[in-house]
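Okay, upload-v3.pdb is below, PDB, C-alpha atoms:
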ATOM      1  CA  MET A   1      27.885 -32.268   1.871
ATOM      2  CA  VAL A   2      30.170 -32.871   4.831
ATOM      3  CA  LYS A   3      33.932 -33.198   4.986
ATOM      4  CA  LEU A   4      36.493 -34.388   7.461
ATOM      5  CA  VAL A   5      39.374 -31.900   7.358
ATOM      6  CA  ALA A   6      42.715 -33.221   8.581
ATOM      7  CA  LEU A   7      45.305 -30.552   9.428
ATOM      8  CA  TYR A   8      48.801 -32.008   9.895
ATOM      9  CA  LYS A   9      51.549 -30.142  11.706
ATOM     10  CA  LYS A  10      55.023 -30.370  10.213
ATOM     11  CA  PRO A  11      56.408 -33.836  11.002
ATOM     12  CA  PRO A  12      59.877 -34.273  12.508
ATOM     13  CA  ASP A  13      60.842 -36.403   9.480
ATOM     14  CA  PRO A  14      58.942 -35.017   6.466
ATOM     15  CA  GLU A  15      60.372 -37.554   4.004
ATOM     16  CA  GLY A  16      59.407 -40.506   6.172
ATOM     17  CA  PHE A  17      56.003 -38.971   6.798
ATOM     18  CA  ASP A  18      55.392 -38.429   3.078
ATOM     19  CA  ARG A  19      56.353 -42.006   2.289
ATOM     20  CA  ASN A  20      54.090 -43.485   4.968
ATOM     21  CA  TYR A  21      51.272 -41.099   4.174
ATOM     22  CA  THR A  22      51.281 -41.776   0.436
ATOM     23  CA  GLN A  23      52.111 -45.480   0.457
ATOM     24  CA  THR A  24      50.126 -46.722   3.451
ATOM     25  CA  HIS A  25      47.703 -44.108   4.773
ATOM     26  CA  VAL A  26      46.012 -42.780   1.628
ATOM     27  CA  PRO A  27      45.286 -46.290   0.261
ATOM     28  CA  LEU A  28      43.590 -47.167   3.574
ATOM     29  CA  VAL A  29      41.491 -43.975   3.523
ATOM     30  CA  GLN A  30      40.407 -44.623  -0.042
ATOM     31  CA  LYS A  31      38.711 -47.816   1.137
ATOM     32  CA  TRP A  32      36.372 -45.956   3.513
ATOM     33  CA  PRO A  33      32.692 -46.759   2.897
ATOM     34  CA  GLY A  34      30.681 -43.782   1.653
ATOM     35  CA  LEU A  35      33.741 -41.695   0.805
ATOM     36  CA  ARG A  36      32.893 -39.440  -2.148
ATOM     37  CA  ARG A  37      36.166 -37.633  -2.735
ATOM     38  CA  VAL A  38      39.580 -36.975  -1.218
ATOM     39  CA  GLU A  39      41.518 -33.767  -1.737
ATOM     40  CA  ILE A  40      45.076 -33.684  -0.451
ATOM     41  CA  GLY A  41      47.125 -30.491  -0.415
ATOM     42  CA  LYS A  42      50.666 -29.581   0.610
ATOM     43  CA  VAL A  43      50.967 -26.320   2.512
ATOM     44  CA  THR A  44      53.503 -24.131   0.712
ATOM     45  CA  GLY A  45      53.275 -21.002   2.853
ATOM     46  CA  ALA A  46      51.081 -18.724   4.912
ATOM     47  CA  ILE A  47      50.168 -15.068   4.965
ATOM     48  CA  GLY A  48      52.201 -13.293   7.612
ATOM     49  CA  GLY A  49      54.684 -15.941   8.707
ATOM     50  CA  GLU A  50      55.503 -19.614   9.003
ATOM     51  CA  PRO A  51      52.545 -21.887   8.243
ATOM     52  CA  PRO A  52      51.332 -23.786  11.316
ATOM     53  CA  TYR A  53      50.512 -26.830   9.170
ATOM     54  CA  TYR A  54      52.261 -29.061   6.656
ATOM     55  CA  LEU A  55      49.417 -30.900   4.929
ATOM     56  CA  VAL A  56      45.644 -30.446   4.574
ATOM     57  CA  ALA A  57      43.548 -33.491   3.610
ATOM     58  CA  GLU A  58      39.803 -33.403   3.072
ATOM     59  CA  MET A  59      37.501 -36.407   2.896
ATOM     60  CA  TYR A  60      34.014 -35.713   1.518
ATOM     61  CA  PHE A  61      30.785 -37.521   2.415
ATOM     62  CA  ASP A  62      27.094 -37.060   1.687
ATOM     63  CA  ASP A  63      26.263 -36.267   5.309
ATOM     64  CA  VAL A  64      27.558 -36.483   8.853
ATOM     65  CA  ASP A  65      26.068 -39.951   9.385
ATOM     66  CA  ALA A  66      28.061 -41.280   6.433
ATOM     67  CA  LEU A  67      31.211 -39.678   7.813
ATOM     68  CA  LYS A  68      30.719 -41.178  11.259
ATOM     69  CA  THR A  69      29.891 -44.578   9.770
ATOM     70  CA  ALA A  70      33.157 -44.457   7.811
ATOM     71  CA  LEU A  71      35.205 -43.553  10.901
ATOM     72  CA  ARG A  72      33.643 -46.415  12.893
ATOM     73  CA  SER A  73      34.073 -48.953  10.101
ATOM     74  CA  PRO A  74      36.954 -51.459  10.051
ATOM     75  CA  GLU A  75      38.486 -49.396   7.229
ATOM     76  CA  GLY A  76      38.177 -46.223   9.291
ATOM     77  CA  ARG A  77      39.772 -47.838  12.323
ATOM     78  CA  ALA A  78      42.583 -49.259  10.214
ATOM     79  CA  ALA A  79      43.381 -45.813   8.842
ATOM     80  CA  GLY A  80      43.327 -44.310  12.345
ATOM     81  CA  GLU A  81      45.647 -46.979  13.713
ATOM     82  CA  ASN A  82      47.951 -46.573  10.750
ATOM     83  CA  LEU A  83      48.112 -42.824  11.335
ATOM     84  CA  GLN A  84      49.029 -43.285  14.984
ATOM     85  CA  SER A  85      51.857 -45.605  13.949
ATOM     86  CA  PHE A  86      53.760 -42.987  11.951
ATOM     87  CA  ALA A  87      52.327 -39.575  12.847
ATOM     88  CA  PRO A  88      51.148 -39.538  16.479
ATOM     89  CA  GLY A  89      50.050 -36.146  17.763
ATOM     90  CA  LEU A  90      50.395 -34.357  14.445
ATOM     91  CA  VAL A  91      46.831 -34.170  13.253
ATOM     92  CA  THR A  92      43.742 -32.098  14.045
ATOM     93  CA  MET A  93      40.518 -33.521  12.568
ATOM     94  CA  LEU A  94      37.544 -31.237  11.996
ATOM     95  CA  TYR A  95      33.978 -32.071  10.993
ATOM     96  CA  VAL A  96      32.916 -29.424   8.494
ATOM     97  CA  GLN A  97      29.477 -28.781   6.981
ATOM     98  CA  VAL A  98      29.880 -27.428   3.451
ATOM     99  CA  GLY A  99      27.193 -25.137   2.006
ATOM    100  CA  GLY A 100      23.587 -25.205   3.178
TER     101      GLY A 100
ATOM    102  CA  MET B   1      45.453 -26.146  -8.731
ATOM    103  CA  VAL B   2      46.199 -23.965  -5.735
ATOM    104  CA  LYS B   3      43.961 -22.835  -2.889
ATOM    105  CA  LEU B   4      44.047 -20.253  -0.162
ATOM    106  CA  VAL B   5      42.723 -21.916   2.990
ATOM    107  CA  ALA B   6      41.352 -19.575   5.634
ATOM    108  CA  LEU B   7      40.951 -21.072   9.108
ATOM    109  CA  TYR B   8      38.876 -18.874  11.432
ATOM    110  CA  LYS B   9      38.971 -19.241  15.196
ATOM    111  CA  LYS B  10      35.668 -18.923  17.030
ATOM    112  CA  PRO B  11      34.714 -15.239  17.074
ATOM    113  CA  PRO B  12      33.666 -13.527  20.329
ATOM    114  CA  ASP B  13      30.323 -12.645  18.679
ATOM    115  CA  PRO B  14      29.459 -15.486  16.276
ATOM    116  CA  GLU B  15      26.180 -13.921  15.098
ATOM    117  CA  GLY B  16      27.822 -10.606  14.268
ATOM    118  CA  PHE B  17      30.684 -12.431  12.592
ATOM    119  CA  ASP B  18      28.331 -14.536  10.473
ATOM    120  CA  ARG B  19      26.401 -11.455   9.373
ATOM    121  CA  ASN B  20      29.542  -9.525   8.396
ATOM    122  CA  TYR B  21      31.129 -12.549   6.804
ATOM    123  CA  THR B  22      28.140 -13.454   4.650
ATOM    124  CA  GLN B  23      26.890  -9.973   3.807
ATOM    125  CA  THR B  24      30.140  -8.066   3.290
ATOM    126  CA  HIS B  25      33.154 -10.366   3.158
ATOM    127  CA  VAL B  26      32.057 -13.149   0.824
ATOM    128  CA  PRO B  27      30.739 -10.716  -1.825
ATOM    129  CA  LEU B  28      34.142  -8.952  -1.822
ATOM    130  CA  VAL B  29      36.020 -12.249  -2.177
ATOM    131  CA  GLN B  30      33.815 -13.332  -5.058
ATOM    132  CA  LYS B  31      35.105 -10.348  -7.056
ATOM    133  CA  TRP B  32      38.739 -11.527  -6.905
ATOM    134  CA  PRO B  33      40.330 -11.821 -10.344
ATOM    135  CA  GLY B  34      41.229 -15.381 -11.314
ATOM    136  CA  LEU B  35      39.136 -16.961  -8.563
ATOM    137  CA  ARG B  36      37.854 -20.334  -9.778
ATOM    138  CA  ARG B  37      35.777 -21.515  -6.853
ATOM    139  CA  VAL B  38      35.001 -20.790  -3.205
ATOM    140  CA  GLU B  39      34.087 -23.470  -0.686
ATOM    141  CA  ILE B  40      32.904 -22.303   2.719
ATOM    142  CA  GLY B  41      32.329 -24.703   5.594
ATOM    143  CA  LYS B  42      31.149 -24.388   9.165
ATOM    144  CA  VAL B  43      33.076 -26.481  11.669
ATOM    145  CA  THR B  44      30.615 -28.638  13.577
ATOM    146  CA  GLY B  45      33.018 -30.616  15.731
ATOM    147  CA  ALA B  46      36.399 -32.269  16.023
ATOM    148  CA  ILE B  47      37.752 -35.701  16.822
ATOM    149  CA  GLY B  48      38.889 -35.797  20.429
ATOM    150  CA  GLY B  49      37.662 -32.487  21.804
ATOM    151  CA  GLU B  50      36.651 -28.924  21.098
ATOM    152  CA  PRO B  51      37.408 -27.801  17.549
ATOM    153  CA  PRO B  52      40.112 -25.120  17.389
ATOM    154  CA  TYR B  53      38.341 -23.439  14.458
ATOM    155  CA  TYR B  54      34.890 -22.095  13.640
ATOM    156  CA  LEU B  55      34.939 -21.731   9.850
ATOM    157  CA  VAL B  56      37.065 -23.057   6.970
ATOM    158  CA  ALA B  57      36.981 -21.150   3.664
ATOM    159  CA  GLU B  58      38.873 -22.226   0.548
ATOM    160  CA  MET B  59      39.527 -20.074  -2.500
ATOM    161  CA  TYR B  60      40.743 -21.975  -5.592
ATOM    162  CA  PHE B  61      43.033 -20.645  -8.350
ATOM    163  CA  ASP B  62      44.809 -22.103 -11.363
ATOM    164  CA  ASP B  63      48.263 -21.534  -9.857
ATOM    165  CA  VAL B  64      50.141 -19.646  -7.170
ATOM    166  CA  ASP B  65      50.737 -16.642  -9.422
ATOM    167  CA  ALA B  66      46.990 -16.228  -9.920
ATOM    168  CA  LEU B  67      46.445 -16.486  -6.166
ATOM    169  CA  LYS B  68      49.090 -13.837  -5.420
ATOM    170  CA  THR B  69      47.753 -11.566  -8.157
ATOM    171  CA  ALA B  70      44.292 -11.792  -6.600
ATOM    172  CA  LEU B  71      45.589 -10.940  -3.117
ATOM    173  CA  ARG B  72      47.488  -7.917  -4.436
ATOM    174  CA  SER B  73      44.570  -6.663  -6.551
ATOM    175  CA  PRO B  74      42.261  -3.864  -5.368
ATOM    176  CA  GLU B  75      39.585  -6.514  -4.805
ATOM    177  CA  GLY B  76      42.012  -8.584  -2.731
ATOM    178  CA  ARG B  77      43.023  -5.609  -0.622
ATOM    179  CA  ALA B  78      39.399  -4.603  -0.106
ATOM    180  CA  ALA B  79      38.567  -8.078   1.210
ATOM    181  CA  GLY B  80      41.592  -8.011   3.530
ATOM    182  CA  GLU B  81      40.672  -4.608   4.941
ATOM    183  CA  ASN B  82      37.076  -5.697   5.370
ATOM    184  CA  LEU B  83      38.202  -8.767   7.292
ATOM    185  CA  GLN B  84      40.336  -6.697   9.647
ATOM    186  CA  SER B  85      37.333  -4.470  10.347
ATOM    187  CA  PHE B  86      35.182  -7.223  11.849
ATOM    188  CA  ALA B  87      37.449 -10.202  12.570
ATOM    189  CA  PRO B  88      40.942  -9.033  13.506
ATOM    190  CA  GLY B  89      43.289 -11.752  14.687
ATOM    191  CA  LEU B  90      40.899 -14.622  14.007
ATOM    192  CA  VAL B  91      42.206 -16.006  10.738
ATOM    193  CA  THR B  92      45.124 -18.168   9.610
ATOM    194  CA  MET B  93      45.674 -18.138   5.838
ATOM    195  CA  LEU B  94      47.514 -21.039   4.183
ATOM    196  CA  TYR B  95      48.745 -21.423   0.617
ATOM    197  CA  VAL B  96      48.035 -25.012  -0.399
ATOM    198  CA  GLN B  97      49.092 -26.899  -3.522
ATOM    199  CA  VAL B  98      46.453 -29.451  -4.463
ATOM    200  CA  GLY B  99      47.419 -32.603  -6.319
ATOM    201  CA  GLY B 100      50.493 -32.849  -8.536
TER     202      GLY B 100
END
As structure tokens:
Amino acid sequence: MVKLVALYKKPPDPEGFDRNYTQTHVPLVQKWPGLRRVEIGKVTGAIGGEPPYYLVAEMYFDDVDALKTALRSPEGRAAGENLQSFAPGLVTMLYVQVGG
Amino acid sequence: MVKLVALYKKPPDPEGFDRNYTQTHVPLVQKWPGLRRVEIGKVTGAIGGEPPYYLVAEMYFDDVDALKTALRSPEGRAAGENLQSFAPGLVTMLYVQVGG
């Protein structure tokens, strides 16, 4: 299993970000081909200080080929363009191999 | 559901880190009271450049009280001390609220 982990820094306008994220971005992501599961979490704190992130979203796929196919698909591009429209420069996207 | 997300930067000695992490750290974490699930993932890349992290580990609990109880328990302290012994300064720990 492979996941795309999106780490979002705190946006300048959290309310506007939340609205765009929930109402436009998540519905676009949920259309990705091969997507098995999405897990979205709000960061509520950190050990030892201010958390460096605001939101952690994880998109699960069977393997890295499925993940890359999703990102290159029209649905993947639409989600990427949408993200740039309301949250430019906020996100770090990691490819993560889960388990063996 | 709540999770503790541990983001590890790339260690100076990845092989030594992996050995300590797998052989000593994970077994200590798995003893935490109230722990529902652990998901450990190796970072294999990032969109747009070098990934800023090496490993992402997630520890799931029923709620934030259970998470905090685990961290304060003898098992939680043992895992924290173990981590400092082989990976000081590498980890960022986030409290994350999943779903509603």
(request) Quick one: everything within 9 Å of Ala87 in chain A, counting only C-alpha atoms, minus sequence neighbours fewer than 5 positions away in the same chain. Send it as a PyMOL selection string. (result) chain A and resi 8+11+17+20-21+82
(request) Pull out every residue of chain B sitting within 7 Å of chain A, counting only C-alpha atoms, and send them as a list in words. (result) Ile40, Gly41, Lys42, Val43, Thr44, Gly45, Ala46, Ile47, Pro51, Met93, Leu94, Tyr95, Val96, Gln97, Val98 and Gly99 of chain B
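Relative to CA of Met59 in chain A, CA of Val38 in chain A is found at 4.6 Å.
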(message) What's the separation between CA of Phe61 in chain B and CA of Thr24 in chain B, in Å to one decimal place?
(response)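 Going from CA of Phe61 in chain B over to CA of Thr24 in chain B, I get 21.4 Å.
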(message) One decimal, in Å: what's the spacing between CA of Asp18 in chain B and CA of Leu83 in chain B?
(response)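 Interatomic distance, CA of Asp18 in chain B to CA of Leu83 in chain B: 11.9 Å.
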(request) Quick one: residues within 9 Å of (45.8, -45.7, 6.8) (file frame), counting only C-alpha atoms, please, as a list in words. (result)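 Residues close enough to count: Asn20, Tyr21, Gln23, Thr24, His25, Val26, Pro27, Leu28, Val29, Gln30, Glu75, Gly76, Arg77, Ala78, Ala79, Gly80, Glu81, Asn82 and Leu83 of chain A.
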Would you give the centre and edge lengths, in Å to one decimal, of a box along x, y and z around the listed atoms of range 46-57 of chain A, with 5 Å added to each side, as JSON?
{"center_x": 49.5, "center_y": -23.4, "center_z": 7.5, "size_x": 22.0, "size_y": 30.2, "size_z": 17.7}
